[in-house]
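Structure first, then comments.
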Amino acid sequence: MTEKAGRVSPIYAAVTARCPRCGNGSLFKNVLELRTRCERCGLDYRFIDTGDGPAIFAIFILGFLVCGMALYVEFTFEPPVWVHVVLWGIGTPLIALGLLRFLKAMLIALQYRNKAEEGRFEHD
C-alpha cells in the first residue's frame, strides 16, 4: 500500500473523486459531502480542511466562464432574454457543482500529497 501511495496523481484523484492515498476508495458520500474514511485503505479523512479554497477558485473560474459564454451567445446569436435566463439559470449551478467537486477533491489530494496541516508555533 505504501508504494502505491506516492503514485496516485492528484489530477487522477480529483477527476475520479477517489482517495488520495490508494486511488480506489470513494472520497464523497454524495455530491460534496466527504466520507469519514476510505473504505479501501482506511485513510482517516479528519485531517482534511479545504476551507473556502474550492469555493473561491470556483467563483473566479465560473464567473469568467459564464460571463464570457453569455457575452458570446448574446453578441453572436442575439437571443431573447428568456434564453439567457434558461441557459445560464440551469447551466451555472450544474457547472458550479461539478467544478466544486473537482476543486475540492484536487485540494484534498494536494493537501495529502504535500502533508499540509494547520500551522503551529514551536514551543521550546
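Within each chain, counting starts at residue 1; across the C-alpha cells, chains are named A, B, ... in the order shown, with ligands numbered 1 upward in that order.
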
Enumerate, in order of chain and increasing residue number, the residues of range 19-64 of chain A with an atom no farther than 9 Å from range 104-118 of chain A, each with its shortest atom pair and distance in Å to one decimal, counting only C-alpha atoms, as JSON lines.
{"residue": "A:Cys19", "atom": "CA", "partner": "A:Ala109", "partner_atom": "CA", "distance": 7.8}
{"residue": "A:Pro20", "atom": "CA", "partner": "A:Ala109", "partner_atom": "CA", "distance": 5.0}
{"residue": "A:Arg21", "atom": "CA", "partner": "A:Tyr112", "partner_atom": "CA", "distance": 7.7}
{"residue": "A:Leu27", "atom": "CA", "partner": "A:Ala105", "partner_atom": "CA", "distance": 7.6}
{"residue": "A:Phe28", "atom": "CA", "partner": "A:Ala105", "partner_atom": "CA", "distance": 8.8}
{"residue": "A:Leu32", "atom": "CA", "partner": "A:Lys104", "partner_atom": "CA", "distance": 8.1}
{"residue": "A:Phe47", "atom": "CA", "partner": "A:Glu117", "partner_atom": "CA", "distance": 7.5}
{"residue": "A:Ile48", "atom": "CA", "partner": "A:Ile108", "partner_atom": "CA", "distance": 6.5}
{"residue": "A:Asp49", "atom": "CA", "partner": "A:Ile108", "partner_atom": "CA", "distance": 7.8}
{"residue": "A:Thr50", "atom": "CA", "partner": "A:Leu107", "partner_atom": "CA", "distance": 6.5}
{"residue": "A:Gly53", "atom": "CA", "partner": "A:Leu107", "partner_atom": "CA", "distance": 7.9}
{"residue": "A:Pro54", "atom": "CA", "partner": "A:Lys104", "partner_atom": "CA", "distance": 5.3}
{"residue": "A:Ala55", "atom": "CA", "partner": "A:Lys104", "partner_atom": "CA", "distance": 8.4}

Could you tell me, as a short mmCIF file (atom, residue, chain, number, x, y, z; two decimals) with N, CA and C atoms, in the first residue's frame, which residues of range 13-124 of chain A DSSP assigns to alpha helix (DSSP H) when given the backbone?
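This is the output file selection36.cif:
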data_model
loop_
_atom_site.label_atom_id
_atom_site.label_comp_id
_atom_site.auth_asym_id
_atom_site.auth_seq_id
_atom_site.Cartn_x
_atom_site.Cartn_y
_atom_site.Cartn_z
N ALA A 13 -6.88 11.64 -8.78
CA ALA A 13 -7.73 11.61 -7.58
C ALA A 13 -8.84 12.66 -7.67
N ALA A 14 -8.55 13.81 -8.26
CA ALA A 14 -9.56 14.88 -8.36
C ALA A 14 -10.61 14.56 -9.41
N VAL A 15 -10.20 14.09 -10.57
CA VAL A 15 -11.15 13.81 -11.65
C VAL A 15 -12.07 12.66 -11.27
N THR A 16 -11.52 11.64 -10.64
CA THR A 16 -12.33 10.48 -10.27
C THR A 16 -12.94 10.58 -8.87
N GLY A 53 -11.31 27.50 0.10
CA GLY A 53 -10.49 27.48 -1.11
C GLY A 53 -11.22 27.05 -2.37
N PRO A 54 -11.90 25.89 -2.36
CA PRO A 54 -12.60 25.46 -3.57
C PRO A 54 -13.67 26.45 -4.02
N ALA A 55 -14.39 27.03 -3.06
CA ALA A 55 -15.46 27.97 -3.41
C ALA A 55 -14.90 29.23 -4.04
N ILE A 56 -13.79 29.72 -3.53
CA ILE A 56 -13.21 30.95 -4.08
C ILE A 56 -12.68 30.70 -5.49
N PHE A 57 -11.97 29.60 -5.67
CA PHE A 57 -11.50 29.27 -7.02
C PHE A 57 -12.68 29.10 -7.97
N ALA A 58 -13.73 28.43 -7.51
CA ALA A 58 -14.90 28.19 -8.36
C ALA A 58 -15.58 29.50 -8.74
N ILE A 59 -15.67 30.43 -7.81
CA ILE A 59 -16.30 31.72 -8.11
C ILE A 59 -15.56 32.43 -9.22
N PHE A 60 -14.25 32.49 -9.12
CA PHE A 60 -13.46 33.19 -10.14
C PHE A 60 -13.52 32.47 -11.49
N ILE A 61 -13.36 31.16 -11.48
CA ILE A 61 -13.39 30.40 -12.73
C ILE A 61 -14.78 30.45 -13.36
N LEU A 62 -15.80 30.20 -12.56
CA LEU A 62 -17.18 30.18 -13.07
C LEU A 62 -17.62 31.56 -13.54
N GLY A 63 -17.25 32.59 -12.81
CA GLY A 63 -17.59 33.95 -13.24
C GLY A 63 -16.99 34.29 -14.59
N PHE A 64 -15.74 33.94 -14.77
CA PHE A 64 -15.06 34.19 -16.05
C PHE A 64 -15.73 33.40 -17.18
N LEU A 65 -16.00 32.11 -16.95
CA LEU A 65 -16.59 31.26 -17.97
C LEU A 65 -18.01 31.69 -18.34
N VAL A 66 -18.85 31.88 -17.34
CA VAL A 66 -20.26 32.20 -17.60
C VAL A 66 -20.40 33.58 -18.23
N CYS A 67 -19.67 34.55 -17.72
CA CYS A 67 -19.75 35.90 -18.33
C CYS A 67 -19.26 35.86 -19.77
N GLY A 68 -18.16 35.16 -20.00
CA GLY A 68 -17.64 35.06 -21.37
C GLY A 68 -18.60 34.35 -22.29
N MET A 69 -19.19 33.23 -21.83
CA MET A 69 -20.13 32.50 -22.67
C MET A 69 -21.41 33.29 -22.91
N ALA A 70 -21.89 34.00 -21.87
CA ALA A 70 -23.11 34.80 -22.02
C ALA A 70 -22.88 35.94 -23.02
N LEU A 71 -21.73 36.58 -22.94
CA LEU A 71 -21.43 37.65 -23.90
C LEU A 71 -21.30 37.10 -25.32
N TYR A 72 -20.66 35.95 -25.45
CA TYR A 72 -20.51 35.34 -26.76
C TYR A 72 -21.87 35.00 -27.36
N VAL A 73 -22.74 34.36 -26.55
CA VAL A 73 -24.08 33.99 -27.03
C VAL A 73 -24.88 35.23 -27.39
N GLU A 74 -24.79 36.25 -26.57
CA GLU A 74 -25.55 37.48 -26.83
C GLU A 74 -25.12 38.16 -28.12
N PHE A 75 -23.83 38.33 -28.31
CA PHE A 75 -23.36 39.07 -29.48
C PHE A 75 -23.35 38.23 -30.76
N THR A 76 -23.30 36.91 -30.63
CA THR A 76 -23.29 36.05 -31.81
C THR A 76 -24.70 35.73 -32.29
N PHE A 77 -25.59 35.35 -31.36
CA PHE A 77 -26.91 34.88 -31.74
C PHE A 77 -28.05 35.85 -31.45
N VAL A 81 -34.22 37.41 -24.03
CA VAL A 81 -33.75 37.35 -22.64
C VAL A 81 -34.08 36.01 -21.99
N TRP A 82 -35.24 35.43 -22.29
CA TRP A 82 -35.62 34.18 -21.65
C TRP A 82 -34.63 33.06 -21.96
N VAL A 83 -33.96 33.11 -23.12
CA VAL A 83 -32.95 32.10 -23.46
C VAL A 83 -31.78 32.19 -22.49
N HIS A 84 -31.36 33.42 -22.20
CA HIS A 84 -30.28 33.60 -21.23
C HIS A 84 -30.69 33.11 -19.85
N VAL A 85 -31.91 33.43 -19.45
CA VAL A 85 -32.39 33.00 -18.14
C VAL A 85 -32.39 31.48 -18.03
N VAL A 86 -32.89 30.81 -19.03
CA VAL A 86 -32.94 29.35 -19.01
C VAL A 86 -31.53 28.76 -19.12
N LEU A 87 -30.76 29.25 -20.08
CA LEU A 87 -29.42 28.70 -20.32
C LEU A 87 -28.51 28.87 -19.11
N TRP A 88 -28.41 30.07 -18.60
CA TRP A 88 -27.47 30.32 -17.50
C TRP A 88 -28.08 30.00 -16.15
N GLY A 89 -29.42 30.05 -16.05
CA GLY A 89 -30.07 29.67 -14.79
C GLY A 89 -29.96 28.20 -14.48
N ILE A 90 -29.90 27.39 -15.53
CA ILE A 90 -29.73 25.94 -15.34
C ILE A 90 -28.26 25.55 -15.43
N GLY A 91 -27.56 26.13 -16.38
CA GLY A 91 -26.17 25.77 -16.62
C GLY A 91 -25.20 26.15 -15.51
N THR A 92 -25.39 27.34 -14.95
CA THR A 92 -24.46 27.82 -13.94
C THR A 92 -24.43 26.94 -12.69
N PRO A 93 -25.57 26.58 -12.08
CA PRO A 93 -25.49 25.70 -10.91
C PRO A 93 -24.92 24.31 -11.22
N LEU A 94 -25.22 23.79 -12.40
CA LEU A 94 -24.68 22.47 -12.75
C LEU A 94 -23.16 22.52 -12.94
N ILE A 95 -22.70 23.53 -13.62
CA ILE A 95 -21.25 23.70 -13.79
C ILE A 95 -20.59 23.94 -12.44
N ALA A 96 -21.25 24.73 -11.59
CA ALA A 96 -20.70 25.03 -10.26
C ALA A 96 -20.53 23.77 -9.42
N LEU A 97 -21.52 22.87 -9.44
CA LEU A 97 -21.40 21.63 -8.67
C LEU A 97 -20.25 20.76 -9.15
N GLY A 98 -20.15 20.59 -10.46
CA GLY A 98 -19.05 19.80 -11.00
C GLY A 98 -17.70 20.42 -10.71
N LEU A 99 -17.62 21.73 -10.84
CA LEU A 99 -16.37 22.43 -10.59
C LEU A 99 -15.99 22.38 -9.12
N LEU A 100 -16.96 22.57 -8.22
CA LEU A 100 -16.68 22.49 -6.79
C LEU A 100 -16.22 21.10 -6.38
N ARG A 101 -16.86 20.08 -6.93
CA ARG A 101 -16.47 18.70 -6.61
C ARG A 101 -15.03 18.44 -7.06
N PHE A 102 -14.70 18.86 -8.28
CA PHE A 102 -13.35 18.68 -8.79
C PHE A 102 -12.33 19.45 -7.96
N LEU A 103 -12.61 20.73 -7.69
CA LEU A 103 -11.66 21.57 -6.96
C LEU A 103 -11.47 21.10 -5.52
N LYS A 104 -12.55 20.66 -4.88
CA LYS A 104 -12.44 20.15 -3.52
C LYS A 104 -11.59 18.88 -3.48
N ALA A 105 -11.83 17.98 -4.42
CA ALA A 105 -11.03 16.75 -4.49
C ALA A 105 -9.57 17.06 -4.81
N MET A 106 -9.34 18.05 -5.68
CA MET A 106 -7.97 18.43 -6.03
C MET A 106 -7.23 19.00 -4.82
N LEU A 107 -7.87 19.89 -4.09
CA LEU A 107 -7.22 20.46 -2.91
C LEU A 107 -6.98 19.42 -1.84
N ILE A 108 -7.88 18.46 -1.70
CA ILE A 108 -7.69 17.37 -0.74
C ILE A 108 -6.49 16.52 -1.15
N ALA A 109 -6.40 16.18 -2.43
CA ALA A 109 -5.28 15.37 -2.91
C ALA A 109 -3.96 16.10 -2.75
N LEU A 110 -3.95 17.39 -3.04
CA LEU A 110 -2.71 18.17 -2.88
C LEU A 110 -2.35 18.33 -1.41
N GLN A 111 -3.35 18.49 -0.55
CA GLN A 111 -3.10 18.59 0.89
C GLN A 111 -2.49 17.29 1.40
N TYR A 112 -3.01 16.16 0.92
CA TYR A 112 -2.47 14.86 1.35
C TYR A 112 -1.05 14.67 0.81
N ARG A 113 -0.85 14.94 -0.47
CA ARG A 113 0.45 14.71 -1.09
C ARG A 113 1.54 15.57 -0.46
#

Taking into account only C-alpha atoms, which residue in the set A:Pro79, A:Lys29, A:Arg120, A:Asn24 is nearest to Cys41 in chain A?
->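 That would be A:Asn24, the residue with the smallest distance to Cys41 in chain A.
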
Check the DSSP output for the backbone and give back, as number ranges by chain, the residues of range 4-47 of chain A in strand (DSSP E or B).
-> A: 18, 26, 28, 34, 37, 44

What is the CA of Val31 in chain A-CA of Arg18 in chain A distance in Å, reported with one decimal?
->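 Distance between the two atoms: 12.7 Å.
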